[in-house]
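Chemist: There's a structure below that I have some questions on.
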Protein chains: 2
Amino acid sequence: MEDNSLKILGSCAALPAMKMNQSAYSLEMNAKTFLIDCGENAQQSLRHYCVNHSKMNHIFISHLHGDHCFGLIGLISTLDLLGRRSDIIIHSHKGLEEALRPQLNFFCNYLHFKINFETFSPFSSDIIYENEKMSVATIPLKHSIPTSGFLFQEKPHRRHLKADKAKFFNIPIEQYKYILAGEDYTTPDGTVVPNNVLTLPPSPQKSFAYLSDTAYNEKVIDIINGVDLLFHESTFLEKDRARAKQTFHSTASDAARIAALAHVKKLVIGHFSARYKDRKSFLEEAKPIFDNTFLGNDGIEFRF
Amino acid sequence: MEDNSLKILGSCAALPAMKMNQSAYSLEMNAKTFLIDCGENAQQSLRHYCVNHSKMNHIFISHLHGDHCFGLIGLISTLDLLGRRSDIIIHSHKGLEEALRPQLNFFCNYLHFKINFETFSPFSSDIIYENEKMSVATIPLKHSIPTSGFLFQEKPHRRHLKADKAKFFNIPIEQYKYILAGEDYTTPDGTVVPNNVLTLPPSPQKSFAYLSDTAYNEKVIDIINGVDLLFHESTFLEKDRARAKQTFHSTASDAARIAALAHVKKLVIGHFSARYKDRKSFLEEAKPIFDNTFLGNDGIEFRF
């Protein structure tokens, strides 16, 4: 089952490059769409790469640098023109609403839906969103301003009922919920049917971690341990390590090291500095450390 | 002499289209670069289409709809990253500074140059910028909110001195300015040499008019009469005239009619609604009314 996917809407760092945008990512998970960061022109990428924004009700902003949120006002304005009527919640650190609200009031006072801001602390790892199937937790990062990553995690799935066995034992439908929760079934004549005869194990809980922007930071490892998909920023190459350190960013090697230490299943790197014309070097640097690494270029989709 | 040019940075109306942006235009005139409107992602077009933004000190915003100014904050932020150190003046109607300043203060408090806002009235035609070679005047338009077009006009050029004649008559250099201003020259022995023997007529004064957004409005004709290049919005086709009327926009025919009545030399149409997949129909509609019409698609440059 690989119904979850991450789509890269913008793979650039502070400066956009030729036909490539600043940070923005859409995540489809359990039939919902989440937007993570919203650099300028995210609205064009969302439509260009066919993201179903009608189901997109939550936007998560990692930190308050412009290249991660300047696309909000245009996106909101366009969603209204496209007929949106359901509210949007923007999750961010404190400050975004104060900066954006005057623009919203002036330019978007006609909106047919509400923009609600919810703030979270950059200093702890907290669950900031949850529904019946999944949750989103924050991950404190190490950047030049307060910054948080996000861990999107499915809740435990129920076991799968074997339809032929349920029919064979003539199990009443009202008993299904107990069996799916792991209980054995006792027939009317007192025979106990063990649960593993009636069910298959649940599907694995999928998880995705987003870490941008951040310097190399081993403190995240426990939180993201074993995730199916890790997005880790990789602004620089090792040859520019001094610049990476100065600006609190990571190199491709840093990202790969974190992926290896956290035993993640797949690593996507992105948030590339515009100084590098050829991105192959990022892969060449990361893969010897963590082989299952992929370039997160604009428009690429990763299923997990 | 065709040193002046208009470059289309965004040809779309309210919604951006596939790889095409909302309203933004760069004008090179007399070795200066002006930005006219600044829809989202103008910064990417400016760099993609190689506009020399180091000489760009004035930005003219026609009206305060988001598709004409949401690109300002990203552009300003990027110019700073690219090393800009000279101030920028944004000319607009009242309100833009109040909406934008909180964002500038929050996200761009590190700026190495100043953003100065200068406001102008949408109700009269006034000169709002001038240097020794040219001026910019506003043109009241007819839209759903106060909107102004702009007339960029060269001042009269000096006559051209015929170098061979100046040498033949042995004219002292300090006399040149009088001759270039149109005076005759009197030789030491009292002979009067008529000015037209010594000079060629001045180059024509070039002019460009920008009219977006606007419904059909014959009141502009006197102001833009005879301009070398007219940009006129053409959001709709005639088949959607009802929608054009309702939203205070023009059709391609409207634009062509204004161009014909004002005897302009060349018409560029743009600000196309995203509902039309094929823009050829705009030309087919305009050219029978004004033949010298061109489609202002993203990246196209018009010299005048």
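Residues are named by chain letter and number: chains run A, B, ... in the order of the structure tokens, numbers start at 1 in each chain, and ligands are numbered from 1 in the order shown.
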Which residues, written as a ChimeraX atom specification, have at least one atom at most 12 Å from stretch 77-87 of chain B, with only C-alpha atoms counted and residues fewer than 2 positions away on the same chain left out?

Modeler: /A:13-17,22,40,65-67,70,274-275 /B:41-44,46-47,52-59,71-75,89-90,103-117

Chemist: Would you mind listing what lies within 12 Å of A:Tyr129 as a PyMOL selection string, with only C-alpha atoms counted and same-chain residues fewer than 2 positions away left out?

Modeler: chain A and resi 34+57-60+89-92+118-120+126-127+131-138+150-154

Chemist: Which residues in stretch 128-284 of chain A does DSSP call strand (DSSP E)? List them as number ranges by chain.

Modeler: A: 128-130, 134-140, 148-154, 160-161, 185-186, 192-193, 199-200, 207-211, 229-233, 267-270

Chemist: Give me, as a VMD selection string, the residues of stretch 43-172 of chain A that a backbone DSSP run labels alpha helix (DSSP H).

Modeler: chain A and resid 43 to 48 72 to 81 96 to 107 163 to 168

Chemist: Could you turn the residues from that selection into a file that holds N, CA and C atoms, as a compact mmCIF listing (two decimals), in the first residue's frame?

Modeler:
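Wrote it out as part24.txt, contents follow:
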# COMPACT_ATOMS: atom_id res chain seq x y z
N GLN A 43 1.25 28.60 -5.54
CA GLN A 43 -0.06 28.43 -6.19
C GLN A 43 0.08 27.91 -7.61
N GLN A 44 1.11 28.38 -8.32
CA GLN A 44 1.28 27.94 -9.71
C GLN A 44 1.71 26.46 -9.74
N SER A 45 2.62 26.09 -8.84
CA SER A 45 3.06 24.70 -8.78
C SER A 45 1.92 23.77 -8.39
N LEU A 46 1.12 24.18 -7.43
CA LEU A 46 -0.01 23.35 -6.99
C LEU A 46 -0.90 23.00 -8.18
N ARG A 47 -1.15 23.99 -9.02
CA ARG A 47 -2.04 23.74 -10.16
C ARG A 47 -1.29 23.01 -11.27
N HIS A 48 -0.05 23.42 -11.49
CA HIS A 48 0.76 22.81 -12.56
C HIS A 48 0.96 21.32 -12.30
N LEU A 72 1.79 32.56 0.42
CA LEU A 72 0.49 32.38 1.07
C LEU A 72 -0.57 33.32 0.52
N ILE A 73 -0.24 34.60 0.41
CA ILE A 73 -1.26 35.59 0.04
C ILE A 73 -1.80 35.32 -1.37
N GLY A 74 -0.92 35.01 -2.29
CA GLY A 74 -1.35 34.71 -3.66
C GLY A 74 -2.16 33.43 -3.73
N LEU A 75 -1.73 32.44 -2.98
CA LEU A 75 -2.45 31.16 -2.97
C LEU A 75 -3.87 31.35 -2.42
N ILE A 76 -3.98 32.06 -1.32
CA ILE A 76 -5.29 32.27 -0.69
C ILE A 76 -6.21 33.02 -1.66
N SER A 77 -5.67 34.05 -2.28
CA SER A 77 -6.44 34.84 -3.23
C SER A 77 -6.93 33.98 -4.40
N THR A 78 -6.05 33.14 -4.90
CA THR A 78 -6.41 32.29 -6.05
C THR A 78 -7.41 31.21 -5.66
N LEU A 79 -7.25 30.62 -4.47
CA LEU A 79 -8.20 29.58 -4.05
C LEU A 79 -9.62 30.15 -4.00
N ASP A 80 -9.71 31.40 -3.58
CA ASP A 80 -11.04 32.02 -3.55
C ASP A 80 -11.60 32.17 -4.96
N LEU A 81 -10.77 32.63 -5.87
CA LEU A 81 -11.21 32.78 -7.27
C LEU A 81 -11.64 31.43 -7.86
N LEU A 96 3.35 35.34 12.22
CA LEU A 96 2.88 35.30 10.83
C LEU A 96 1.56 36.04 10.66
N GLU A 97 0.66 35.82 11.59
CA GLU A 97 -0.65 36.47 11.45
C GLU A 97 -0.50 37.99 11.47
N GLU A 98 0.33 38.48 12.38
CA GLU A 98 0.52 39.93 12.50
C GLU A 98 1.07 40.52 11.19
N ALA A 99 1.94 39.76 10.52
CA ALA A 99 2.55 40.25 9.29
C ALA A 99 1.58 40.13 8.10
N LEU A 100 0.78 39.09 8.11
CA LEU A 100 -0.05 38.78 6.94
C LEU A 100 -1.44 39.39 7.01
N ARG A 101 -1.96 39.55 8.21
CA ARG A 101 -3.36 39.98 8.35
C ARG A 101 -3.65 41.32 7.66
N PRO A 102 -2.74 42.33 7.78
CA PRO A 102 -3.03 43.59 7.09
C PRO A 102 -3.18 43.39 5.57
N GLN A 103 -2.36 42.50 5.00
CA GLN A 103 -2.48 42.20 3.57
C GLN A 103 -3.80 41.50 3.27
N LEU A 104 -4.13 40.53 4.09
CA LEU A 104 -5.40 39.81 3.90
C LEU A 104 -6.58 40.77 4.01
N ASN A 105 -6.54 41.63 5.02
CA ASN A 105 -7.65 42.58 5.20
C ASN A 105 -7.78 43.51 4.01
N PHE A 106 -6.62 43.93 3.48
CA PHE A 106 -6.66 44.92 2.40
C PHE A 106 -7.01 44.28 1.06
N PHE A 107 -6.33 43.18 0.74
CA PHE A 107 -6.47 42.62 -0.61
C PHE A 107 -7.53 41.52 -0.71
N ALA A 163 -12.56 -12.26 5.15
CA ALA A 163 -14.00 -12.33 4.85
C ALA A 163 -14.49 -13.78 4.82
N ASP A 164 -13.67 -14.71 4.27
CA ASP A 164 -14.12 -16.11 4.15
C ASP A 164 -14.29 -16.76 5.53
N LYS A 165 -13.39 -16.40 6.46
CA LYS A 165 -13.50 -16.98 7.80
C LYS A 165 -14.71 -16.40 8.55
N ALA A 166 -14.94 -15.10 8.36
CA ALA A 166 -16.08 -14.47 9.03
C ALA A 166 -17.37 -15.14 8.56
N LYS A 167 -17.43 -15.50 7.27
CA LYS A 167 -18.61 -16.15 6.71
C LYS A 167 -18.71 -17.59 7.25
N PHE A 168 -17.55 -18.28 7.27
CA PHE A 168 -17.51 -19.68 7.68
C PHE A 168 -18.03 -19.84 9.12

Chemist: Quick one: residues within 6 Å of stretch 192-209 of chain A, only C-alpha atoms counted, chain neighbours fewer than 3 positions away excluded, as number ranges by chain?

Modeler: A: 150-154, 156-162, 165, 183-186, 227-230
